[in-house]
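Chemist: Data file coords38.cif (mmCIF, C-alpha atoms) is appended below.
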data_upload
#
loop_
_atom_site.group_PDB
_atom_site.id
_atom_site.type_symbol
_atom_site.label_atom_id
_atom_site.label_comp_id
_atom_site.auth_asym_id
_atom_site.auth_seq_id
_atom_site.Cartn_x
_atom_site.Cartn_y
_atom_site.Cartn_z
ATOM 1 C CA MET A 275 8.876 15.682 -15.755
ATOM 2 C CA ALA A 276 11.134 12.685 -15.030
ATOM 3 C CA PHE A 277 9.092 10.501 -17.400
ATOM 4 C CA ILE A 278 9.433 13.040 -20.224
ATOM 5 C CA LEU A 279 13.182 13.240 -19.589
ATOM 6 C CA CYS A 280 13.477 9.440 -19.760
ATOM 7 C CA VAL A 281 11.455 9.247 -22.981
ATOM 8 C CA THR A 282 13.629 11.989 -24.490
ATOM 9 C CA VAL A 283 16.843 10.152 -23.552
ATOM 10 C CA VAL A 284 15.552 6.920 -25.102
ATOM 11 C CA LEU A 285 14.487 8.733 -28.276
ATOM 12 C CA VAL A 286 17.891 10.454 -28.578
ATOM 13 C CA TRP A 287 19.567 7.094 -28.033
ATOM 14 C CA ALA A 288 17.378 5.421 -30.680
ATOM 15 C CA VAL A 289 17.986 8.186 -33.227
ATOM 16 C CA SER A 290 21.742 8.031 -32.602
ATOM 17 C CA GLY A 291 21.805 4.319 -33.516
ATOM 18 C CA PRO A 292 22.683 4.762 -37.196
ATOM 19 C CA PHE A 293 25.561 7.130 -36.313
ATOM 20 C CA PHE A 294 27.118 4.409 -34.143
ATOM 21 C CA GLN A 295 26.199 1.578 -36.565
ATOM 22 C CA PHE A 296 24.009 0.071 -33.816
ATOM 23 C CA SER A 297 27.191 -1.180 -32.146
ATOM 24 C CA GLU A 298 27.457 -3.166 -28.940
ATOM 25 C CA THR A 299 28.758 -0.066 -27.164
ATOM 26 C CA TRP A 300 25.688 1.848 -28.329
ATOM 27 C CA GLN A 301 23.452 -0.890 -26.886
ATOM 28 C CA LEU A 302 25.527 -1.081 -23.706
ATOM 29 C CA VAL A 303 24.965 2.629 -23.056
ATOM 30 C CA ILE A 304 21.165 2.268 -22.824
ATOM 31 C CA ASN A 305 21.370 -1.015 -20.930
ATOM 32 C CA THR A 306 23.717 0.434 -18.333
ATOM 33 C CA GLY A 307 21.749 3.665 -18.056
ATOM 34 C CA THR A 308 18.416 1.926 -17.534
ATOM 35 C CA THR A 309 19.926 -0.484 -15.013
ATOM 36 C CA ILE A 310 21.361 2.370 -12.957
ATOM 37 C CA VAL A 311 18.111 4.354 -13.086
ATOM 38 C CA THR A 312 16.096 1.268 -12.078
ATOM 39 C CA PHE A 313 18.463 0.568 -9.175
ATOM 40 C CA LEU A 314 18.170 4.142 -7.891
ATOM 41 C CA MET A 315 14.387 4.250 -8.328
ATOM 42 C CA VAL A 316 14.011 1.229 -6.052
ATOM 43 C CA PHE A 317 15.418 3.314 -3.208
ATOM 44 C CA VAL A 318 13.295 6.343 -4.071
ATOM 45 C CA ILE A 319 10.131 4.230 -4.146
ATOM 46 C CA GLN A 320 11.033 2.450 -0.902
ATOM 47 C CA ASN A 321 11.660 5.773 0.826
ATOM 48 C CA THR A 322 8.347 7.136 -0.432
ATOM 49 C CA GLN A 323 6.493 4.042 0.790
ATOM 50 C CA ASN A 324 8.144 4.249 4.193
ATOM 51 C CA ARG A 325 7.183 7.923 4.556
ATOM 52 C CA ASP A 326 3.640 7.207 3.395
ATOM 53 C CA GLY A 327 3.333 4.295 5.823
ATOM 54 C CA ALA A 328 4.595 6.403 8.719
ATOM 55 C CA ALA A 329 2.185 9.235 7.853
ATOM 56 C CA LEU A 330 -0.736 6.820 7.591
ATOM 57 C CA GLN A 331 0.175 5.185 10.898
ATOM 58 C CA THR A 332 0.363 8.598 12.586
ATOM 59 C CA LYS A 333 -3.080 9.512 11.257
ATOM 60 C CA LEU A 334 -4.544 6.226 12.451
ATOM 61 C CA ASP A 335 -2.954 6.660 15.881
ATOM 62 C CA GLU A 336 -4.487 10.132 16.152
ATOM 63 C CA LEU A 337 -7.919 8.795 15.182
ATOM 64 C CA ILE A 338 -7.625 6.048 17.778
ATOM 65 C CA ARG A 339 -6.402 8.478 20.424
ATOM 66 C CA SER A 340 -9.245 10.919 19.816
ATOM 67 C CA SER A 341 -12.010 8.295 19.653
ATOM 68 C CA ASP A 342 -13.516 5.718 21.974
ATOM 69 C CA ALA A 343 -11.405 2.977 20.406
ATOM 70 C CA GLY A 344 -9.159 0.948 22.654
ATOM 71 C CA ASP A 345 -5.718 2.396 23.262
ATOM 72 C CA GLU A 346 -4.270 -1.086 22.757
ATOM 73 C CA PHE A 347 -4.291 -0.343 19.018
ATOM 74 C CA MET A 348 -1.889 2.581 19.385
ATOM 75 C CA GLY A 349 1.501 1.650 17.944
ATOM 76 C CA ILE A 350 0.584 -1.904 16.951
ATOM 77 C CA GLU A 351 3.005 -1.669 14.036
ATOM 78 C CA LYS A 352 5.745 -2.322 16.601
ATOM 79 C CA LEU A 353 4.222 -5.572 17.901
ATOM 80 C CA THR A 354 5.658 -8.996 17.159
ATOM 81 C CA ASP A 355 3.943 -11.264 14.650
ATOM 82 C CA LYS A 356 2.445 -13.379 17.446
ATOM 83 C CA GLU A 357 1.075 -10.295 19.220
ATOM 84 C CA LEU A 358 -0.416 -9.033 15.941
ATOM 85 C CA GLU A 359 -2.032 -12.414 15.269
ATOM 86 C CA ALA A 360 -3.582 -12.424 18.758
ATOM 87 C CA LEU A 361 -4.935 -8.892 18.296
ATOM 88 C CA HIS A 362 -6.254 -9.823 14.846
ATOM 89 C CA ALA A 363 -8.025 -12.879 16.280
ATOM 90 C CA LYS A 364 -9.576 -10.671 18.968
ATOM 91 C CA CYS A 365 -10.841 -8.258 16.293
ATOM 92 C CA GLU A 366 -12.255 -11.134 14.244
ATOM 93 C CA ARG A 367 -14.160 -12.445 17.275
ATOM 94 C CA ALA A 368 -15.555 -8.969 17.946
ATOM 95 C CA ALA A 369 -16.568 -8.616 14.286
ATOM 96 C CA LYS A 370 -18.361 -11.982 14.365
ATOM 97 C CA GLN A 371 -20.187 -10.979 17.545
ATOM 98 C CA SER A 372 -21.236 -7.685 15.964
ATOM 99 C CA GLN A 373 -22.421 -9.483 12.833
ATOM 100 C CA ALA A 374 -24.407 -11.966 14.918
ATOM 101 C CA MET A 375 -26.042 -9.078 16.790
ATOM 102 C CA LEU A 376 -26.934 -7.363 13.502
ATOM 103 C CA ASP A 377 -28.385 -10.577 12.100
ATOM 104 C CA LYS A 378 -30.461 -11.062 15.252
ATOM 105 C CA THR A 379 -31.744 -7.468 15.095
ATOM 106 C CA ARG A 380 -32.695 -7.837 11.414
ATOM 107 C CA ALA A 381 -34.538 -11.068 12.138
ATOM 108 C CA GLU A 382 -36.464 -9.425 14.986
ATOM 109 C CA ARG A 383 -37.427 -6.479 12.761
ATOM 110 C CA LYS A 384 -38.651 -8.838 10.047
ATOM 111 C CA MET A 385 -40.685 -10.732 12.597
ATOM 112 C CA ARG A 386 -42.248 -7.527 13.940
ATOM 113 C CA LYS A 387 -43.109 -6.329 10.436
ATOM 114 C CA GLY A 388 -44.716 -9.716 9.755
ATOM 115 C CA ARG A 389 -46.899 -9.383 12.866
ATOM 116 C CA ALA A 390 -47.878 -5.806 12.059
ATOM 117 C CA LYS A 391 -49.342 -6.793 8.689
#
Transcribe the structure of this file into C-alpha cells.

Modeler:
Amino acid sequence: MAFILCVTVVLVWAVSGPFFQFSETWQLVINTGTTIVTFLMVFVIQNTQNRDGAALQTKLDELIRSSDAGDEFMGIEKLTDKELEALHAKCERAAKQSQAMLDKTRAERKMRKGRAK
C-alpha cells in the first residue's frame, strides 16, 4: 500500500510539472519529500531489524534450552567481541573434529566394502 501511495505521489508530481513550468520550487518539493521519507524509513527499517533479531535470538535460545546443546550458548549476543571469538574458535575446533570423525568413518566403510567384494 505504501509503495502504491509513493508511486501515485510521484506521478501526480510529474504530471503537475507543466502547470508549474518545471520550476526549481517544483523540483524542490519532490527532492525534499523523498529525502524526508528516506530519513524516516531508515528508522522504520532499523526498528524492524531489531525486532526481528530479538525474535530470532529468543527462538534460538529456546531451541538451545530445550535441547542437549550447551547452555553456554544462551545469550551469547551479549558477550564481548573477544568472548565471541573464543566461542567461535571452540565451535570451529569441534566442527573440525566432527569432520575428521566423519572422514574416518567413511574411509572405514569404503575399506569394508572393498573387502566384502

Chemist: Using all atoms listed in the file, collect all residues at a distance of at most 9 Å from (1.4, 1.3, 15.6) as written in the file, then present them as JSON, numbers by chain.

Modeler: {"A": [331, 332, 334, 335, 347, 348, 349, 350, 351, 352, 353]}

Chemist: Would you write out, as a PyMOL selection string, every residue that the PyMOL selection byres ((chain A and resi 301-316) around 12) captures in this file?

Modeler: chain A and resi 276-277+280-281+283-288+290-292+294-300+317-323

Chemist: Separation of atom CA of A:Arg386 and atom CA of A:Lys370, in Å?

Modeler: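 That distance, rounded to one decimal, is 24.3 Å.
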
Chemist: Atom CA of A:Asp377 and atom CA of A:Asp345, how far apart in Å?

Modeler: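 Computing the Euclidean distance for atom CA of A:Asp345 and atom CA of A:Asp377 yields 28.4 Å.
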
Chemist: Hey, can you check how far atom CA of A:Glu346 sits from atom CA of A:Ala369?

Modeler: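 Going from atom CA of A:Glu346 over to atom CA of A:Ala369 covers 16.7 Å.
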